[in-house]
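Content type mmCIF, C-alpha atoms and all ligand atoms, from the file input.cif:
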data_target
#
loop_
_atom_site.label_atom_id
_atom_site.label_comp_id
_atom_site.auth_asym_id
_atom_site.auth_seq_id
_atom_site.Cartn_x
_atom_site.Cartn_y
_atom_site.Cartn_z
CA MET A 1 -49.32 45.85 272.90
CA ASN A 2 -49.83 44.05 269.55
CA THR A 3 -48.95 40.44 268.79
CA LEU A 4 -48.08 39.36 265.26
CA LYS A 5 -47.65 35.84 263.88
CA PHE A 6 -45.11 35.46 261.08
CA THR A 7 -43.27 32.81 259.07
CA LYS A 8 -39.53 33.00 258.40
CA MET A 9 -38.79 31.90 254.81
CA HIS A 10 -36.00 32.14 252.28
CA GLY A 11 -35.31 31.85 248.58
CA LEU A 12 -31.64 30.90 248.08
CA GLY A 13 -30.69 32.62 251.34
CA ASN A 14 -32.54 35.88 250.54
CA ASP A 15 -34.62 35.74 253.72
CA PHE A 16 -38.02 37.06 254.67
CA MET A 17 -40.42 37.69 257.51
CA VAL A 18 -43.75 36.76 255.89
CA VAL A 19 -46.91 38.20 257.42
CA ASP A 20 -50.50 37.12 256.72
CA GLY A 21 -52.29 40.46 256.70
CA ILE A 22 -55.60 38.86 255.71
CA ASN A 23 -56.27 36.87 258.89
CA GLN A 24 -54.67 39.28 261.37
CA ARG A 25 -54.55 43.06 261.65
CA PHE A 26 -51.19 44.57 260.69
CA ASP A 27 -50.33 48.18 259.97
CA PRO A 28 -46.79 48.28 258.51
CA ALA A 29 -46.57 52.04 259.17
CA ALA A 30 -46.86 51.35 262.91
CA ALA A 31 -44.39 48.43 262.95
CA PRO A 32 -40.65 48.66 263.78
CA ILE A 33 -39.62 46.87 260.56
CA ALA A 34 -35.97 48.03 260.54
CA ALA A 35 -35.54 46.90 264.18
CA TRP A 36 -37.06 43.47 263.39
CA ALA A 37 -34.73 43.14 260.36
CA SER A 38 -31.61 43.47 262.53
CA ARG A 39 -29.54 40.25 262.56
CA HIS A 40 -28.17 41.03 266.03
CA THR A 41 -31.10 42.45 267.96
CA GLY A 42 -34.15 41.47 265.88
CA ILE A 43 -35.66 38.56 263.91
CA GLY A 44 -33.17 39.05 261.08
CA PHE A 45 -34.30 39.30 257.43
CA ASP A 46 -33.67 41.07 254.14
CA GLN A 47 -37.33 41.91 253.44
CA LEU A 48 -40.71 41.78 255.16
CA LEU A 49 -43.41 40.40 252.84
CA LEU A 50 -47.02 41.30 253.58
CA ILE A 51 -49.95 39.36 252.12
CA GLU A 52 -53.19 41.28 251.79
CA ALA A 53 -56.55 40.88 250.07
CA PRO A 54 -56.54 42.03 246.41
CA GLN A 55 -57.47 45.59 245.52
CA THR A 56 -58.79 44.79 242.02
CA ALA A 57 -61.14 42.21 240.49
CA VAL A 58 -58.28 40.51 238.60
CA GLY A 59 -55.99 39.75 241.55
CA ASP A 60 -56.07 36.80 243.98
CA PHE A 61 -53.84 38.62 246.51
CA ARG A 62 -51.96 41.86 247.06
CA TYR A 63 -48.26 41.41 247.84
CA ARG A 64 -46.35 44.25 249.58
CA ILE A 65 -42.61 44.34 250.16
CA PHE A 66 -40.56 46.24 252.75
CA ASN A 67 -36.76 46.37 252.69
CA ALA A 68 -34.64 45.89 255.84
CA ASP A 69 -34.41 49.69 256.18
CA GLY A 70 -38.23 49.84 256.36
CA SER A 71 -38.76 51.36 252.88
CA GLU A 72 -41.70 49.97 250.89
CA VAL A 73 -40.69 48.82 247.39
CA GLU A 74 -42.37 47.55 244.27
CA GLN A 75 -41.14 44.04 243.60
CA CYS A 76 -39.22 41.06 245.00
CA GLY A 77 -38.57 37.94 242.92
CA ASN A 78 -37.33 35.52 245.60
CA GLY A 79 -40.15 36.77 247.78
CA ALA A 80 -42.69 35.99 245.04
CA ARG A 81 -41.69 32.32 245.17
CA CYS A 82 -41.95 32.28 248.98
CA PHE A 83 -45.30 34.05 248.67
CA VAL A 84 -46.71 31.14 246.60
CA ARG A 85 -45.41 28.52 249.01
CA PHE A 86 -46.86 30.49 251.95
CA VAL A 87 -50.38 30.96 250.54
CA THR A 88 -50.42 27.30 249.42
CA ASP A 89 -49.11 25.85 252.71
CA LYS A 90 -51.50 28.03 254.75
CA GLN A 91 -54.36 27.04 252.42
CA LEU A 92 -55.17 30.67 251.63
CA THR A 93 -55.72 29.41 248.07
CA TYR A 94 -56.06 26.07 246.29
CA LYS A 95 -54.97 27.52 242.93
CA ARG A 96 -51.62 26.40 241.47
CA GLU A 97 -51.28 29.60 239.42
CA ILE A 98 -52.20 32.81 241.18
CA VAL A 99 -52.58 36.43 240.10
CA VAL A 100 -50.64 38.70 242.41
CA GLU A 101 -50.93 42.47 242.58
CA THR A 102 -47.71 44.31 243.44
CA ALA A 103 -46.72 47.97 243.32
CA GLY A 104 -44.54 46.93 240.35
CA GLY A 105 -47.44 45.39 238.38
CA ILE A 106 -49.13 41.99 238.15
CA ILE A 107 -46.98 38.87 238.50
CA LEU A 108 -48.08 35.28 237.88
CA PRO A 109 -46.38 32.73 240.14
CA ARG A 110 -47.06 29.01 239.69
CA LEU A 111 -46.15 26.11 241.95
CA ALA A 112 -44.51 23.47 239.73
CA ASP A 113 -44.83 19.69 240.33
CA ASN A 114 -41.15 19.39 241.30
CA GLY A 115 -41.63 21.80 244.24
CA LEU A 116 -39.93 24.69 242.46
CA VAL A 117 -41.83 27.88 241.70
CA ASP A 118 -42.10 29.47 238.24
CA VAL A 119 -42.89 33.18 238.14
CA ASP A 120 -43.92 35.30 235.18
CA MET A 121 -42.24 38.53 236.30
CA GLY A 122 -43.77 40.68 233.53
CA LYS A 123 -42.04 42.86 230.95
CA PRO A 124 -38.70 44.59 231.55
CA LEU A 125 -38.51 48.33 230.88
CA PHE A 126 -35.40 50.20 229.77
CA ALA A 127 -36.10 53.90 229.10
CA PRO A 128 -34.34 56.16 231.65
CA GLU A 129 -37.65 57.66 232.81
CA TYR A 130 -38.96 54.18 233.71
CA ILE A 131 -35.95 53.20 235.85
CA PRO A 132 -35.88 56.13 236.91
CA PHE A 133 -32.38 57.28 235.86
CA LYS A 134 -30.91 60.69 235.04
CA PRO A 135 -28.47 60.36 232.11
CA ILE A 136 -25.38 62.61 232.04
CA SER A 137 -26.18 63.81 228.47
CA GLN A 138 -28.72 63.40 225.65
CA GLU A 139 -26.33 60.99 223.95
CA ASP A 140 -26.12 58.93 227.14
CA ALA A 141 -29.94 58.91 227.36
CA ARG A 142 -30.11 57.17 223.95
CA ALA A 143 -27.29 54.71 224.67
CA GLN A 144 -27.93 51.09 225.64
CA THR A 145 -25.23 51.23 228.29
CA HIS A 146 -25.43 54.35 230.45
CA THR A 147 -22.73 56.05 232.48
CA VAL A 148 -22.86 56.67 236.22
CA LEU A 149 -20.23 59.05 237.54
CA VAL A 150 -18.91 57.84 240.89
CA GLY A 151 -16.71 60.79 241.79
CA THR A 152 -14.70 61.13 238.58
CA GLU A 153 -14.93 57.39 237.81
CA PRO A 154 -17.32 56.63 234.87
CA ILE A 155 -19.08 53.31 235.52
CA PRO A 156 -20.94 51.66 232.58
CA VAL A 157 -24.32 50.31 233.70
CA SER A 158 -27.27 48.62 231.97
CA CYS A 159 -30.49 49.90 233.50
CA VAL A 160 -33.50 47.56 233.71
CA ASN A 161 -36.79 48.04 235.53
CA MET A 162 -38.22 44.66 236.61
CA GLY A 163 -41.03 46.34 238.55
CA ASN A 164 -38.15 47.68 240.67
CA PRO A 165 -34.99 49.47 239.47
CA HIS A 166 -31.73 47.69 238.63
CA ALA A 167 -28.29 48.79 237.38
CA VAL A 168 -26.20 45.90 236.03
CA ILE A 169 -22.41 46.12 235.73
CA VAL A 170 -20.42 43.55 233.70
CA VAL A 171 -17.25 42.44 235.50
CA ASP A 172 -14.43 39.97 234.70
CA ASP A 173 -14.37 38.35 238.15
CA VAL A 174 -17.40 38.70 240.40
CA ALA A 175 -15.51 37.35 243.43
CA ALA A 176 -13.11 40.31 243.20
CA ALA A 177 -15.73 42.94 242.24
CA PRO A 178 -15.97 45.99 244.56
CA VAL A 179 -19.58 45.14 245.47
CA ALA A 180 -19.64 46.97 248.82
CA ARG A 181 -17.86 50.13 247.63
CA LEU A 182 -19.55 50.61 244.23
CA GLY A 183 -22.84 49.06 245.35
CA GLU A 184 -23.22 51.54 248.17
CA ALA A 185 -22.11 54.50 246.02
CA ILE A 186 -24.51 53.67 243.15
CA GLU A 187 -27.47 52.48 245.29
CA SER A 188 -28.06 56.03 246.54
CA HIS A 189 -26.43 57.94 243.64
CA PRO A 190 -28.23 61.17 242.61
CA GLN A 191 -28.56 59.81 239.03
CA PHE A 192 -31.03 57.27 240.51
CA PRO A 193 -33.67 59.45 242.20
CA GLN A 194 -35.48 56.44 243.73
CA ARG A 195 -32.21 54.64 244.51
CA VAL A 196 -31.35 51.38 242.73
CA ASN A 197 -30.37 47.72 243.16
CA VAL A 198 -26.84 47.16 241.82
CA GLY A 199 -25.88 43.86 240.14
CA PHE A 200 -22.34 42.68 239.33
CA MET A 201 -22.45 40.08 236.53
CA GLN A 202 -19.68 37.79 235.28
CA VAL A 203 -20.49 35.97 232.02
CA LEU A 204 -19.28 32.35 232.04
CA SER A 205 -20.97 31.27 228.78
CA PRO A 206 -23.98 32.44 226.68
CA GLN A 207 -26.29 30.52 229.06
CA HIS A 208 -24.51 30.88 232.37
CA ILE A 209 -23.59 33.85 234.58
CA LYS A 210 -22.40 34.55 238.11
CA LEU A 211 -24.08 37.42 239.94
CA ARG A 212 -23.77 39.37 243.19
CA VAL A 213 -26.35 42.04 244.04
CA PHE A 214 -26.09 45.01 246.40
CA GLU A 215 -29.77 45.55 247.12
CA ARG A 216 -31.40 48.91 247.65
CA GLY A 217 -32.37 49.33 251.29
CA THR A 218 -30.72 46.07 252.38
CA GLY A 219 -27.08 45.72 251.21
CA GLU A 220 -25.54 42.65 249.55
CA THR A 221 -27.86 39.62 249.80
CA GLN A 222 -27.32 35.91 249.18
CA ALA A 223 -29.60 36.16 246.14
CA CYS A 224 -31.87 38.63 244.35
CA GLY A 225 -34.59 37.30 242.04
CA THR A 226 -35.38 40.54 240.24
CA GLY A 227 -31.61 41.16 240.08
CA ALA A 228 -31.16 37.79 238.34
CA CYS A 229 -33.92 38.71 235.85
CA ALA A 230 -32.36 42.15 235.23
CA ALA A 231 -28.87 40.68 234.70
CA ALA A 232 -30.10 38.01 232.27
CA VAL A 233 -32.11 40.61 230.33
CA ALA A 234 -29.16 43.04 230.26
CA GLY A 235 -26.80 40.27 229.08
CA ILE A 236 -29.21 39.25 226.30
CA ARG A 237 -29.57 42.88 225.14
CA LEU A 238 -25.78 43.28 225.13
CA GLY A 239 -25.47 40.14 222.95
CA LEU A 240 -23.52 38.33 225.70
CA LEU A 241 -26.27 35.80 226.50
CA ASP A 242 -28.71 33.67 224.47
CA ALA A 243 -32.37 34.66 224.24
CA GLU A 244 -35.03 31.93 224.64
CA ALA A 245 -32.73 29.32 226.24
CA PRO A 246 -32.75 29.48 230.05
CA VAL A 247 -29.84 31.40 231.55
CA GLN A 248 -28.44 29.83 234.72
CA VAL A 249 -27.70 32.57 237.25
CA ASP A 250 -25.35 31.48 240.05
CA LEU A 251 -25.78 33.68 243.12
CA PRO A 252 -23.93 33.27 246.44
CA GLY A 253 -26.99 31.40 247.84
CA GLY A 254 -27.63 29.13 244.81
CA SER A 255 -28.94 29.15 241.25
CA LEU A 256 -31.98 30.54 239.44
CA HIS A 257 -33.04 29.93 235.84
CA ILE A 258 -34.24 32.91 233.81
CA ARG A 259 -35.82 32.98 230.35
CA TRP A 260 -36.52 36.01 228.18
CA ALA A 261 -37.18 35.81 224.43
CA GLY A 262 -35.50 39.16 223.83
CA SER A 263 -38.14 41.67 222.71
CA ASP A 264 -39.69 44.49 224.73
CA ALA A 265 -43.07 42.69 224.64
CA ASP A 266 -41.72 39.43 226.07
CA HIS A 267 -42.20 38.56 229.72
CA VAL A 268 -39.31 37.41 231.92
CA LEU A 269 -39.73 33.95 233.47
CA MET A 270 -37.92 32.93 236.65
CA THR A 271 -37.68 29.45 238.20
CA GLY A 272 -36.26 28.62 241.62
CA PRO A 273 -36.90 27.25 245.12
CA ALA A 274 -38.71 28.65 248.19
CA GLN A 275 -38.35 27.32 251.72
CA THR A 276 -39.96 27.77 255.13
CA VAL A 277 -37.53 28.04 258.08
CA PHE A 278 -39.74 28.51 261.18
CA GLU A 279 -42.95 29.99 262.53
CA GLY A 280 -42.74 32.84 265.05
CA GLU A 281 -44.66 35.47 266.99
CA VAL A 282 -43.53 38.95 267.95
CA SER A 283 -44.98 41.53 270.36
CA TYR A 284 -44.60 45.24 269.72
N1 LIG B 1 -34.57 40.48 247.10
C1 LIG B 1 -35.47 40.91 246.13
C2 LIG B 1 -35.61 42.38 245.85
C3 LIG B 1 -36.13 43.14 247.07
C4 LIG B 1 -36.41 44.61 246.82
C5 LIG B 1 -35.19 45.41 246.45
N2 LIG B 1 -34.21 45.46 247.51
C6 LIG B 1 -35.60 46.84 246.05
O1 LIG B 1 -35.40 47.78 246.83
O2 LIG B 1 -36.11 47.02 244.94
C7 LIG B 1 -35.61 39.99 244.94
O3 LIG B 1 -35.43 38.78 245.13
O4 LIG B 1 -35.99 40.44 243.86
#

Represent the structure from my file as structure tokens, please.
Ligand SMILES: N[C@@H](CCC[C@H](N)C(=O)O)C(=O)O
Amino acid sequence: MNTLKFTKMHGLGNDFMVVDGINQRFDPAAAPIAAWASRHTGIGFDQLLLIEAPQTAVGDFRYRIFNADGSEVEQCGNGARCFVRFVTDKQLTYKREIVVETAGGIILPRLADNGLVDVDMGKPLFAPEYIPFKPISQEDARAQTHTVLVGTEPIPVSCVNMGNPHAVIVVDDVAAAPVARLGEAIESHPQFPQRVNVGFMQVLSPQHIKLRVFERGTGETQACGTGACAAAVAGIRLGLLDAEAPVQVDLPGGSLHIRWAGSDADHVLMTGPAQTVFEGEVSY
């Protein structure tokens, strides 16, 4: 029997089981992550976040992310903010700005004086092969907005890789958007060979959007940090949102602020809160 200490945290209601894998032994392959994620019979969370020692000379930590279905993924924006609060509160580092290795690349989170966390989420990628996405034609491959065929229904999507894959759909009214039906159909659609996170974005003004995200491997969440970055970037590329000025992204769980200057070389910056809920221990 193994015993594991964890901390329950959340970023705008996107909730996490956070595990210190530096000071205790933890093998995620041997852990019942999907059972722990259950809201009825487990601990209840959207993602498990695992903190490990860095694998390279540049990193301060390695950050691994597991969805509620147990799949390991590349990136998690709300988790990155919780990660900083965790390593700071547990005194695993005294740095304010840390270099974090993820499977989606290096990210640079920084604890701000007002208690919020700023994260440099890196550069967005758009080419179909980087999502990855299979276009329906060569013309579609070159287009800025791609088409996903759900049955016979063509759905226009903007594809953005923020370390992890996102498809963003512009809607008139996010409250009425078919998030469960289309989210589920697109999340595991054959045009997305590694599945995809699906965002539904309503533009309120050039600096303000509403967003709901059906997350890969989890379902609709209260908030998705990388989803907010992808939606802001997609809106800026479509000319619907302002570059440089922060875009306020209102999610069901609260608001994030995203900045992107608009060129492929520019990094996406995210600002938002991170909170601890309780400490726990589980045997397995
Ligand atoms: N909630 C996250 C994203 C978590 C991973 C995602 N479901 C995926 O499979 O890529 C966020 O805040 O970014």

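Counting from atom CA of A:Val160, the distance to atom CA of A:Pro178 is 20.7 Å.
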
At most 9 Å from (-40.3, 55.1, 247.9), file frame, only C-alpha atoms: which residues, as a list in words?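 Every residue inside that radius is included here: Ser71, Glu72, Val73, Glu74, Gln194 and Arg195 of chain A.
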
Selection as a list in words: residues within 9 Å of (-33.6, 45.3, 226.2), counting all atoms listed in the file: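 All residues meeting the 9 Å criterion around (-33.6, 45.3, 226.2) are Pro124, Leu125, Phe126, Gln144, Val160, Val233, Ala234, Gly235, Ile236, Arg237, Leu238, Gly262, Ser263 and Asp264 of chain A.
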
Taking C-alpha atoms for each residue, export the selection above as a PDB file, in the coordinates of the input.
ATOM      1  CA  PRO A 124     -38.700  44.590 231.550  1.00  0.00           C
ATOM      2  CA  LEU A 125     -38.510  48.330 230.880  1.00  0.00           C
ATOM      3  CA  PHE A 126     -35.400  50.200 229.770  1.00  0.00           C
ATOM      4  CA  GLN A 144     -27.930  51.090 225.640  1.00  0.00           C
ATOM      5  CA  VAL A 160     -33.500  47.560 233.710  1.00  0.00           C
ATOM      6  CA  VAL A 233     -32.110  40.610 230.330  1.00  0.00           C
ATOM      7  CA  ALA A 234     -29.160  43.040 230.260  1.00  0.00           C
ATOM      8  CA  GLY A 235     -26.800  40.270 229.080  1.00  0.00           C
ATOM      9  CA  ILE A 236     -29.210  39.250 226.300  1.00  0.00           C
ATOM     10  CA  ARG A 237     -29.570  42.880 225.140  1.00  0.00           C
ATOM     11  CA  LEU A 238     -25.780  43.280 225.130  1.00  0.00           C
ATOM     12  CA  GLY A 262     -35.500  39.160 223.830  1.00  0.00           C
ATOM     13  CA  SER A 263     -38.140  41.670 222.710  1.00  0.00           C
ATOM     14  CA  ASP A 264     -39.690  44.490 224.730  1.00  0.00           C
TER      15      ASP A 264
END

Tell me, as a ChimeraX atom specification, which residues lie within 12 Å of stretch 24-26 of chain A, counting only C-alpha atoms; anything in the same chain fewer than 4 positions away does not count. /A:2-6,18-20,30-33,49-53,282-284

Preceding selection exported with C-alpha atoms as a PDB file, keeping the file's coordinate frame:
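Below is the file result-v3.pdb, written as the result:
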ATOM      1  CA  ASN A   2     -49.830  44.050 269.550  1.00  0.00           C
ATOM      2  CA  THR A   3     -48.950  40.440 268.790  1.00  0.00           C
ATOM      3  CA  LEU A   4     -48.080  39.360 265.260  1.00  0.00           C
ATOM      4  CA  LYS A   5     -47.650  35.840 263.880  1.00  0.00           C
ATOM      5  CA  PHE A   6     -45.110  35.460 261.080  1.00  0.00           C
ATOM      6  CA  VAL A  18     -43.750  36.760 255.890  1.00  0.00           C
ATOM      7  CA  VAL A  19     -46.910  38.200 257.420  1.00  0.00           C
ATOM      8  CA  ASP A  20     -50.500  37.120 256.720  1.00  0.00           C
ATOM      9  CA  ALA A  30     -46.860  51.350 262.910  1.00  0.00           C
ATOM     10  CA  ALA A  31     -44.390  48.430 262.950  1.00  0.00           C
ATOM     11  CA  PRO A  32     -40.650  48.660 263.780  1.00  0.00           C
ATOM     12  CA  ILE A  33     -39.620  46.870 260.560  1.00  0.00           C
ATOM     13  CA  LEU A  49     -43.410  40.400 252.840  1.00  0.00           C
ATOM     14  CA  LEU A  50     -47.020  41.300 253.580  1.00  0.00           C
ATOM     15  CA  ILE A  51     -49.950  39.360 252.120  1.00  0.00           C
ATOM     16  CA  GLU A  52     -53.190  41.280 251.790  1.00  0.00           C
ATOM     17  CA  ALA A  53     -56.550  40.880 250.070  1.00  0.00           C
ATOM     18  CA  VAL A 282     -43.530  38.950 267.950  1.00  0.00           C
ATOM     19  CA  SER A 283     -44.980  41.530 270.360  1.00  0.00           C
ATOM     20  CA  TYR A 284     -44.600  45.240 269.720  1.00  0.00           C
TER      21      TYR A 284
END

Just the number, please: distance in Å from atom CA of A:Val174 to atom CA of A:Phe200, one decimal.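 Distance reported for this atom pair: 6.4 Å.
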
Closest of A:Asn114, A:Ser188, A:Asn197, A:Thr56 to ligand LIG 1 (chain B), counting all atoms listed in the file, is A:Asn197

Cut-off 8 Å, only C-alpha atoms and all ligand atoms, neighbours of ligand LIG 1 (chain B) as an mmCIF file with C-alpha atoms, in the frame of the given file:
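So the final result, stored in part.cif, reads:
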data_model
loop_
_atom_site.group_PDB
_atom_site.id
_atom_site.type_symbol
_atom_site.label_atom_id
_atom_site.label_comp_id
_atom_site.auth_asym_id
_atom_site.auth_seq_id
_atom_site.Cartn_x
_atom_site.Cartn_y
_atom_site.Cartn_z
ATOM 1 C CA GLY A 11 -35.310 31.850 248.580
ATOM 2 C CA ASN A 14 -32.540 35.880 250.540
ATOM 3 C CA ASP A 46 -33.670 41.070 254.140
ATOM 4 C CA GLN A 47 -37.330 41.910 253.440
ATOM 5 C CA ILE A 65 -42.610 44.340 250.160
ATOM 6 C CA PHE A 66 -40.560 46.240 252.750
ATOM 7 C CA ASN A 67 -36.760 46.370 252.690
ATOM 8 C CA SER A 71 -38.760 51.360 252.880
ATOM 9 C CA GLU A 72 -41.700 49.970 250.890
ATOM 10 C CA VAL A 73 -40.690 48.820 247.390
ATOM 11 C CA GLU A 74 -42.370 47.550 244.270
ATOM 12 C CA GLN A 75 -41.140 44.040 243.600
ATOM 13 C CA CYS A 76 -39.220 41.060 245.000
ATOM 14 C CA GLY A 77 -38.570 37.940 242.920
ATOM 15 C CA ASN A 78 -37.330 35.520 245.600
ATOM 16 C CA GLY A 79 -40.150 36.770 247.780
ATOM 17 C CA ALA A 80 -42.690 35.990 245.040
ATOM 18 C CA ASN A 164 -38.150 47.680 240.670
ATOM 19 C CA PRO A 165 -34.990 49.470 239.470
ATOM 20 C CA HIS A 166 -31.730 47.690 238.630
ATOM 21 C CA ARG A 195 -32.210 54.640 244.510
ATOM 22 C CA VAL A 196 -31.350 51.380 242.730
ATOM 23 C CA ASN A 197 -30.370 47.720 243.160
ATOM 24 C CA GLU A 215 -29.770 45.550 247.120
ATOM 25 C CA ARG A 216 -31.400 48.910 247.650
ATOM 26 C CA GLY A 217 -32.370 49.330 251.290
ATOM 27 C CA THR A 218 -30.720 46.070 252.380
ATOM 28 C CA THR A 221 -27.860 39.620 249.800
ATOM 29 C CA ALA A 223 -29.600 36.160 246.140
ATOM 30 C CA CYS A 224 -31.870 38.630 244.350
ATOM 31 C CA GLY A 225 -34.590 37.300 242.040
ATOM 32 C CA THR A 226 -35.380 40.540 240.240
ATOM 33 C CA GLY A 227 -31.610 41.160 240.080
ATOM 34 C CA ALA A 228 -31.160 37.790 238.340
#

Return the single residue from A:Gly163, A:Val249, A:Lys123, A:Phe86 that is closest to A:Thr102, with distances computed using all atoms listed in the file.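 When distances to A:Thr102 are compared using all atoms listed in the file, the smallest one comes from A:Gly163.
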
Nearest residue to A:Gln191 from the set A:Ala265, A:Val119, A:Ala29, A:Ile131 (distances using all atoms listed in the file):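 Selected residue with least distance to A:Gln191: A:Ile131.
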
Non-local contacts of A:Leu251 (9 Å; all atoms listed in the file; under 4 positions in same chain excluded) as a list in words: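 Here the answer would be Leu12, Ile209, Lys210, Leu211, Arg212, Val213, Gln222, Ala223, Cys224, Ala228, Ser255 and Leu256 of chain A.
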
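We find atom CA of A:Met201 and atom CA of A:Arg181 to be spaced 15.7 Å apart.
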